[in-house]
Amino acid sequence: MNYKIGLVSLGCAKNRTDSEIMLALLADAGCEIVSDPAVADVIIVNTCGFIDPAKQESIDAILDMARYKEEGNCKKLIATGCLAERYSSDILSELPEVDAILGTGDYDKIVQVIEASFRDAAKPVICGNIDRTPEGTLPRVLLTPPYTAYIKIADGCDNRCTYCAIPMIRGRFRSRPIAEIYDEAKSLAESGVKEIILIAQDTTRYGLDIGATLAGLLDELVKIEGIEWIRVHYFYSEAITKELIDTMAKHDKICNYIDMPVQHADNYILRRMARRTSREEMEEKIAYMREKLKNCCIRTSIIVGFPGETEEHFAVLRDFVERMRFDRMGVFAYSREEGTPAAEFPDQIDDDIKQERLDELMRLQQQISLELNREKIGSVLDVLVEGYDSESCLFYGRSRADSLDVDGNVFFGTEDEVSPGDIIRVKILDASEYDLTGMRVD
């Protein structure tokens with residue numbers, strides 16, 4: 001094939017790694033990857049279908065790209081990913097602009113799908129294989145900066161939280177072999193990647209299906225020369241073990257960064273969510289992390305307005321947030337997802353109440369974030385340089401406590417030359433709710 005390919009990748013980092021693989025497979029097949037959709041022969045929209053706002057964003061992106069059939073060079077529009085998997089029949093009937101559909105378990109078949117869409121009048125649809133994982137280490141075209149890369153260590157989910165549709169979209173939980181992940185990380189390191197970010201729907205359950213553990217995987221990855229930071233996303237508190245925290249504590253390459261979506265703190269709401277933990281257990285584990293991990297950064301996410309959440313339940317949650325003093329926190333209003341048990345719960349919460357509770361928690365968290373950031377003034381942090389900000393006339397980067405795309409920046413001045421991907425030392429001189437400012441030191 002010699003088509004020009006444009007791609008729009010939406011949703012989470014797991015989706016992004018699928019996009020990177022599709023681009024690499026198409027490039028290997030002779031296609032040219034282009035950034036301007038107006039010149040693309042084929043446009044792929046890798047969709048998200050997690051909650052209603054993400055679904056709408058995906059639909060809007062498909063319709064936006066469809067206009068290039070009239071205004072540009074586009075001949076084929078392909079929908080892939082979560083929305084395509086979950087609503088393939090609806091897309092076929094409601095979005096005639098789409099020429100082919102590829103589901104979440106078959107992204108490695110993108111070349112065949114595009115070939116079929118040009119060859120046959122019928123629209124190719126490959127969906128329903130949600131428990132399938134392509135074998136081996138597939139090539140990737142990184143959509144991240146060249147010094148940072150995500151590695152998907154598992155796919156799917158078995159947790160069956162009552163609010164979540166992921167098991168219906170991504171299938172059962174299935175881990176990749178340690179050797180396969182190691183080879184991918186080693187290849188990335190050889191290409192210049194310094195920071196790898198391990199991702200899965202639930203990284204803490206990595207290996208349970210194949211006789212391995214996340215701690216064992218980390219013990220292997222730290223051996224790779226060239227990898228300087230290893231970051232792990234999406235710890236589920238009930239599956240965090242002392243062995244895992246102790247493993248993180250003993251390796252300097254592993255960032256003491258815990259991305260742990262607690263979702264709520266009231267035990268009644270946690271049970272309704274089918275979360276397998278309690279407020280008391282979460283508090284105990286957070287205390288252990290902070291004891292064992294030097295300068296530990298804990299990031300979490302909260303759902304407000306879950307069906308049945310009373311003012312008393314919300315007060316418990318607010319108190320928990322105030323006492324735990326999370327370094328980072330995202331708050332989301334409950335989204336009623338069709339096909340999930342919670343969507344059928346009778347005691348749904350009014351949208352205005354959800355928004356009020358969200359705003360209240362975010363105001364609280366902003367104050368906590370400001371206080372915690374101010375405590376860093378005078379400290380010296382390792383910073384991964386990312387670029388130069390012309391507005392402030394300062395360089396910027398991320399510390400070990402800041403993950404790609406989701407956290408704040410460290411702005412800094414320097415008299416020395418720096419380049420993206422360098423890891424330098426910065427003394428912190430000022431702080432805001434989300435960002436830090438300082439000067440480079442030797």
# chains A, B, ... in the order shown; residues from 1 in each chain; ligands from 1
$ residues_around --residues "A:Lys242" --least-positions-apart "2" --cutoff "10 Å" --atoms "only C-alpha atoms" --output "MDAnalysis selection string"
chainID A and resid 215 239:240 244:248 285 288:289 292
$ write_last_selection --atoms "C-alpha atoms" --output "PDB file, in the first residue's frame"
ATOM      1  CA  ALA A 215       7.044  -6.600  41.688  1.00  0.00           C
ATOM      2  CA  ALA A 239      -4.318  -5.329  45.212  1.00  0.00           C
ATOM      3  CA  ILE A 240      -1.365  -3.258  46.497  1.00  0.00           C
ATOM      4  CA  LEU A 244       5.203  -4.274  45.714  1.00  0.00           C
ATOM      5  CA  ILE A 245       5.843  -1.152  47.811  1.00  0.00           C
ATOM      6  CA  ASP A 246       9.078  -2.637  49.183  1.00  0.00           C
ATOM      7  CA  THR A 247      10.216  -3.384  45.620  1.00  0.00           C
ATOM      8  CA  MET A 248       9.547   0.197  44.593  1.00  0.00           C
ATOM      9  CA  LYS A 285      -1.993   1.259  52.791  1.00  0.00           C
ATOM     10  CA  TYR A 288       2.555   2.318  54.579  1.00  0.00           C
ATOM     11  CA  MET A 289       3.394   3.912  51.220  1.00  0.00           C
ATOM     12  CA  LYS A 292       8.375   3.340  52.903  1.00  0.00           C
TER      13      LYS A 292
END
$ select_by_dssp --residues "stretch 128-214 of chain A" --states "helix (DSSP H, G or I)" --output "VMD selection string"
chain A and resid 166 to 170 178 to 190 203 to 205 214
$ closest_atom_pairs --of "stretch 354-402 of chain A" --to "stretch 127-150 of chain A" --cutoff "10 Å" --atoms "only C-alpha atoms" --output "tab-separated table"
residue	atom	partner	partner_atom	distance
A:Leu384	CA	A:Tyr147	CA	9.2
A:Val385	CA	A:Tyr147	CA	9.8
A:Glu386	CA	A:Pro145	CA	8.3
$ write_last_selection --atoms "all heavy atoms" --output "PDB file, in the first residue's frame"
ATOM      1  N   LEU A 384      12.969  16.188  34.393  1.00  0.00           N
ATOM      2  CA  LEU A 384      13.105  15.750  33.008  1.00  0.00           C
ATOM      3  C   LEU A 384      12.707  16.917  32.109  1.00  0.00           C
ATOM      4  O   LEU A 384      11.548  17.331  32.095  1.00  0.00           O
ATOM      5  CB  LEU A 384      12.205  14.539  32.752  1.00  0.00           C
ATOM      6  CG  LEU A 384      12.135  13.980  31.333  1.00  0.00           C
ATOM      7  CD1 LEU A 384      13.479  13.436  30.890  1.00  0.00           C
ATOM      8  CD2 LEU A 384      11.075  12.884  31.242  1.00  0.00           C
ATOM      9  N   VAL A 385      13.662  17.468  31.390  1.00  0.00           N
ATOM     10  CA  VAL A 385      13.427  18.662  30.572  1.00  0.00           C
ATOM     11  C   VAL A 385      12.512  18.320  29.402  1.00  0.00           C
ATOM     12  O   VAL A 385      12.694  17.310  28.715  1.00  0.00           O
ATOM     13  CB  VAL A 385      14.754  19.233  30.042  1.00  0.00           C
ATOM     14  CG1 VAL A 385      14.502  20.467  29.161  1.00  0.00           C
ATOM     15  CG2 VAL A 385      15.683  19.588  31.201  1.00  0.00           C
ATOM     16  N   GLU A 386      11.500  19.202  29.168  1.00  0.00           N
ATOM     17  CA  GLU A 386      10.563  18.966  28.068  1.00  0.00           C
ATOM     18  C   GLU A 386      10.538  20.087  27.037  1.00  0.00           C
ATOM     19  O   GLU A 386      10.184  19.844  25.888  1.00  0.00           O
ATOM     20  CB  GLU A 386       9.153  18.754  28.631  1.00  0.00           C
ATOM     21  CG  GLU A 386       9.053  17.509  29.482  1.00  0.00           C
ATOM     22  CD  GLU A 386       7.643  16.951  29.520  1.00  0.00           C
ATOM     23  OE1 GLU A 386       6.774  17.576  30.138  1.00  0.00           O
ATOM     24  OE2 GLU A 386       7.433  15.858  28.954  1.00  0.00           O
TER      25      GLU A 386
END
$ closest_residue --among "A:Ala265, A:Ala165, A:Ile91, A:Val418" --to "A:Val316" --atoms "only C-alpha atoms"
A:Ala265
$ atom_distance --atom1 "atom CA of A:Val321" --atom2 "atom CA of A:Asn295"
18.9 Å
$ residues_around --residues "A:Val426" --least-positions-apart "4" --cutoff "8 Å" --atoms "only C-alpha atoms" --output "mmCIF file with N, CA and C atoms, in the first residue's frame"
data_model
loop_
_atom_site.group_PDB
_atom_site.id
_atom_site.type_symbol
_atom_site.label_atom_id
_atom_site.label_comp_id
_atom_site.auth_asym_id
_atom_site.auth_seq_id
_atom_site.Cartn_x
_atom_site.Cartn_y
_atom_site.Cartn_z
ATOM 1 N N VAL A 380 15.480 20.437 46.270
ATOM 2 C CA VAL A 380 16.086 20.238 44.957
ATOM 3 C C VAL A 380 15.498 18.971 44.343
ATOM 4 N N LEU A 381 14.952 19.088 43.133
ATOM 5 C CA LEU A 381 14.284 17.972 42.466
ATOM 6 C C LEU A 381 14.985 17.592 41.164
ATOM 7 N N ASP A 382 14.947 16.295 40.856
ATOM 8 C CA ASP A 382 15.318 15.850 39.509
ATOM 9 C C ASP A 382 14.201 16.247 38.559
ATOM 10 N N VAL A 383 14.577 16.831 37.411
ATOM 11 C CA VAL A 383 13.575 17.287 36.449
ATOM 12 C C VAL A 383 13.933 16.792 35.054
ATOM 13 N N PHE A 412 11.846 26.477 35.111
ATOM 14 C CA PHE A 412 13.156 26.791 35.687
ATOM 15 C C PHE A 412 13.978 27.664 34.757
ATOM 16 N N GLY A 438 11.743 27.280 39.649
ATOM 17 C CA GLY A 438 13.044 27.264 40.305
ATOM 18 C C GLY A 438 14.177 27.590 39.373
ATOM 19 N N MET A 439 15.397 27.270 39.827
ATOM 20 C CA MET A 439 16.628 27.484 39.065
ATOM 21 C C MET A 439 17.423 26.204 39.018
ATOM 22 N N ARG A 440 18.054 25.988 37.886
ATOM 23 C CA ARG A 440 18.916 24.822 37.746
ATOM 24 C C ARG A 440 20.118 24.965 38.668
ATOM 25 N N VAL A 441 20.488 23.846 39.311
ATOM 26 C CA VAL A 441 21.691 23.820 40.128
ATOM 27 C C VAL A 441 22.542 22.622 39.699
#
$ residues_around --residues "stretch 339-345 of chain A" --least-positions-apart "6" --cutoff "12 Å" --atoms "only C-alpha atoms" --output "JSON, numbers by chain"
{"A": [50, 51, 86, 160, 161, 162, 163, 164, 165, 166, 167, 168, 169, 269, 271, 272, 273, 274, 305, 306, 307, 308, 309]}
$ atom_distance --atom1 "atom CA of A:Val98" --atom2 "atom CA of A:Lys76"
7.5 Å
$ residues_around --residues "A:Val125" --least-positions-apart "6" --cutoff "12 Å" --atoms "only C-alpha atoms" --output "MDAnalysis selection string"
chainID A and resid 78:80 84:85 87:89 91:92 98:104 106:107 109:110 112:114 116:117
$ select_by_dssp --residues "stretch 146-370 of chain A" --states "strand (DSSP E or B)" --output "MDAnalysis selection string"
chainID A and resid 148:152 154:155 174:175 195:199 229:232 254 257:259 263 297:304 328:333
$ residues_around --residues "stretch 55-65 of chain A" --least-positions-apart "5" --cutoff "7 Å" --atoms "only C-alpha atoms" --output "list in words"
Val45, Thr47, Cys48, Gly49, Phe50 and Leu83 of chain A
$ atom_distance --atom1 "atom CA of A:Thr277" --atom2 "atom CA of A:His264"
10.3 Å
$ closest_residue --among "A:Glu280, A:Glu225, A:Asp155, A:Glu356" --to "A:Ser187" --atoms "only C-alpha atoms"
A:Glu225
$ decode --residues "stretch 36-58 of chain A" --atoms "N, CA, C and O atoms" --output "PDB file, in the first residue's frame"
ATOM      1  N   ASP A  36      -1.314  16.302   8.617  1.00  0.00           N
ATOM      2  CA  ASP A  36      -2.387  17.139   8.091  1.00  0.00           C
ATOM      3  C   ASP A  36      -3.487  16.252   7.514  1.00  0.00           C
ATOM      4  O   ASP A  36      -3.287  15.604   6.484  1.00  0.00           O
ATOM      5  N   PRO A  37      -4.674  16.198   8.146  1.00  0.00           N
ATOM      6  CA  PRO A  37      -5.733  15.316   7.635  1.00  0.00           C
ATOM      7  C   PRO A  37      -6.215  15.705   6.243  1.00  0.00           C
ATOM      8  O   PRO A  37      -6.788  14.867   5.536  1.00  0.00           O
ATOM      9  N   ALA A  38      -5.977  16.944   5.826  1.00  0.00           N
ATOM     10  CA  ALA A  38      -6.450  17.386   4.511  1.00  0.00           C
ATOM     11  C   ALA A  38      -5.746  16.657   3.373  1.00  0.00           C
ATOM     12  O   ALA A  38      -6.296  16.560   2.273  1.00  0.00           O
ATOM     13  N   VAL A  39      -4.546  16.141   3.624  1.00  0.00           N
ATOM     14  CA  VAL A  39      -3.790  15.460   2.559  1.00  0.00           C
ATOM     15  C   VAL A  39      -3.865  13.945   2.684  1.00  0.00           C
ATOM     16  O   VAL A  39      -3.329  13.223   1.837  1.00  0.00           O
ATOM     17  N   ALA A  40      -4.514  13.438   3.736  1.00  0.00           N
ATOM     18  CA  ALA A  40      -4.556  11.995   3.974  1.00  0.00           C
ATOM     19  C   ALA A  40      -5.535  11.292   3.041  1.00  0.00           C
ATOM     20  O   ALA A  40      -6.646  11.767   2.812  1.00  0.00           O
ATOM     21  N   ASP A  41      -5.116  10.154   2.505  1.00  0.00           N
ATOM     22  CA  ASP A  41      -6.019   9.291   1.738  1.00  0.00           C
ATOM     23  C   ASP A  41      -6.942   8.512   2.675  1.00  0.00           C
ATOM     24  O   ASP A  41      -8.087   8.212   2.341  1.00  0.00           O
ATOM     25  N   VAL A  42      -6.400   8.151   3.831  1.00  0.00           N
ATOM     26  CA  VAL A  42      -7.138   7.375   4.831  1.00  0.00           C
ATOM     27  C   VAL A  42      -7.002   8.081   6.176  1.00  0.00           C
ATOM     28  O   VAL A  42      -5.894   8.446   6.578  1.00  0.00           O
ATOM     29  N   ILE A  43      -8.127   8.281   6.868  1.00  0.00           N
ATOM     30  CA  ILE A  43      -8.092   8.863   8.206  1.00  0.00           C
ATOM     31  C   ILE A  43      -8.660   7.843   9.190  1.00  0.00           C
ATOM     32  O   ILE A  43      -9.737   7.285   8.975  1.00  0.00           O
ATOM     33  N   ILE A  44      -7.895   7.596  10.244  1.00  0.00           N
ATOM     34  CA  ILE A  44      -8.307   6.674  11.310  1.00  0.00           C
ATOM     35  C   ILE A  44      -8.658   7.495  12.541  1.00  0.00           C
ATOM     36  O   ILE A  44      -7.887   8.363  12.952  1.00  0.00           O
ATOM     37  N   VAL A  45      -9.806   7.231  13.129  1.00  0.00           N
ATOM     38  CA  VAL A  45     -10.156   7.834  14.422  1.00  0.00           C
ATOM     39  C   VAL A  45     -10.205   6.703  15.440  1.00  0.00           C
ATOM     40  O   VAL A  45     -11.096   5.845  15.392  1.00  0.00           O
ATOM     41  N   ASN A  46      -9.216   6.690  16.327  1.00  0.00           N
ATOM     42  CA  ASN A  46      -9.176   5.675  17.387  1.00  0.00           C
ATOM     43  C   ASN A  46      -9.962   6.216  18.574  1.00  0.00           C
ATOM     44  O   ASN A  46      -9.508   7.090  19.299  1.00  0.00           O
ATOM     45  N   THR A  47     -11.163   5.703  18.750  1.00  0.00           N
ATOM     46  CA  THR A  47     -12.159   6.322  19.618  1.00  0.00           C
ATOM     47  C   THR A  47     -12.071   5.855  21.062  1.00  0.00           C
ATOM     48  O   THR A  47     -11.533   4.792  21.377  1.00  0.00           O
ATOM     49  N   CYS A  48     -12.656   6.670  21.945  1.00  0.00           N
ATOM     50  CA  CYS A  48     -12.868   6.307  23.343  1.00  0.00           C
ATOM     51  C   CYS A  48     -14.361   6.148  23.564  1.00  0.00           C
ATOM     52  O   CYS A  48     -15.159   6.864  22.962  1.00  0.00           O
ATOM     53  N   GLY A  49     -14.760   5.214  24.417  1.00  0.00           N
ATOM     54  CA  GLY A  49     -16.184   5.026  24.691  1.00  0.00           C
ATOM     55  C   GLY A  49     -16.463   4.816  26.153  1.00  0.00           C
ATOM     56  O   GLY A  49     -17.405   4.141  26.537  1.00  0.00           O
ATOM     57  N   PHE A  50     -15.609   5.415  27.015  1.00  0.00           N
ATOM     58  CA  PHE A  50     -15.652   5.125  28.446  1.00  0.00           C
ATOM     59  C   PHE A  50     -16.864   5.745  29.135  1.00  0.00           C
ATOM     60  O   PHE A  50     -17.618   5.077  29.824  1.00  0.00           O
ATOM     61  N   ILE A  51     -17.048   7.058  28.982  1.00  0.00           N
ATOM     62  CA  ILE A  51     -18.191   7.757  29.568  1.00  0.00           C
ATOM     63  C   ILE A  51     -18.799   8.673  28.511  1.00  0.00           C
ATOM     64  O   ILE A  51     -18.210   8.883  27.451  1.00  0.00           O
ATOM     65  N   ASP A  52     -19.960   9.238  28.806  1.00  0.00           N
ATOM     66  CA  ASP A  52     -20.701  10.009  27.808  1.00  0.00           C
ATOM     67  C   ASP A  52     -19.898  11.147  27.172  1.00  0.00           C
ATOM     68  O   ASP A  52     -19.932  11.309  25.944  1.00  0.00           O
ATOM     69  N   PRO A  53     -19.174  11.965  27.938  1.00  0.00           N
ATOM     70  CA  PRO A  53     -18.394  13.026  27.286  1.00  0.00           C
ATOM     71  C   PRO A  53     -17.343  12.480  26.312  1.00  0.00           C
ATOM     72  O   PRO A  53     -17.099  13.068  25.255  1.00  0.00           O
ATOM     73  N   ALA A  54     -16.748  11.337  26.652  1.00  0.00           N
ATOM     74  CA  ALA A  54     -15.756  10.730  25.757  1.00  0.00           C
ATOM     75  C   ALA A  54     -16.420  10.193  24.497  1.00  0.00           C
ATOM     76  O   ALA A  54     -15.863  10.294  23.393  1.00  0.00           O
ATOM     77  N   LYS A  55     -17.606   9.625  24.644  1.00  0.00           N
ATOM     78  CA  LYS A  55     -18.341   9.145  23.468  1.00  0.00           C
ATOM     79  C   LYS A  55     -18.652  10.299  22.527  1.00  0.00           C
ATOM     80  O   LYS A  55     -18.479  10.189  21.305  1.00  0.00           O
ATOM     81  N   GLN A  56     -19.130  11.416  23.109  1.00  0.00           N
ATOM     82  CA  GLN A  56     -19.474  12.564  22.277  1.00  0.00           C
ATOM     83  C   GLN A  56     -18.243  13.124  21.588  1.00  0.00           C
ATOM     84  O   GLN A  56     -18.305  13.508  20.406  1.00  0.00           O
ATOM     85  N   GLU A  57     -17.118  13.167  22.303  1.00  0.00           N
ATOM     86  CA  GLU A  57     -15.883  13.641  21.681  1.00  0.00           C
ATOM     87  C   GLU A  57     -15.488  12.752  20.504  1.00  0.00           C
ATOM     88  O   GLU A  57     -15.043  13.239  19.458  1.00  0.00           O
ATOM     89  N   SER A  58     -15.670  11.450  20.649  1.00  0.00           N
ATOM     90  CA  SER A  58     -15.340  10.520  19.566  1.00  0.00           C
ATOM     91  C   SER A  58     -16.245  10.717  18.360  1.00  0.00           C
ATOM     92  O   SER A  58     -15.788  10.743  17.206  1.00  0.00           O
TER      93      SER A  58
END
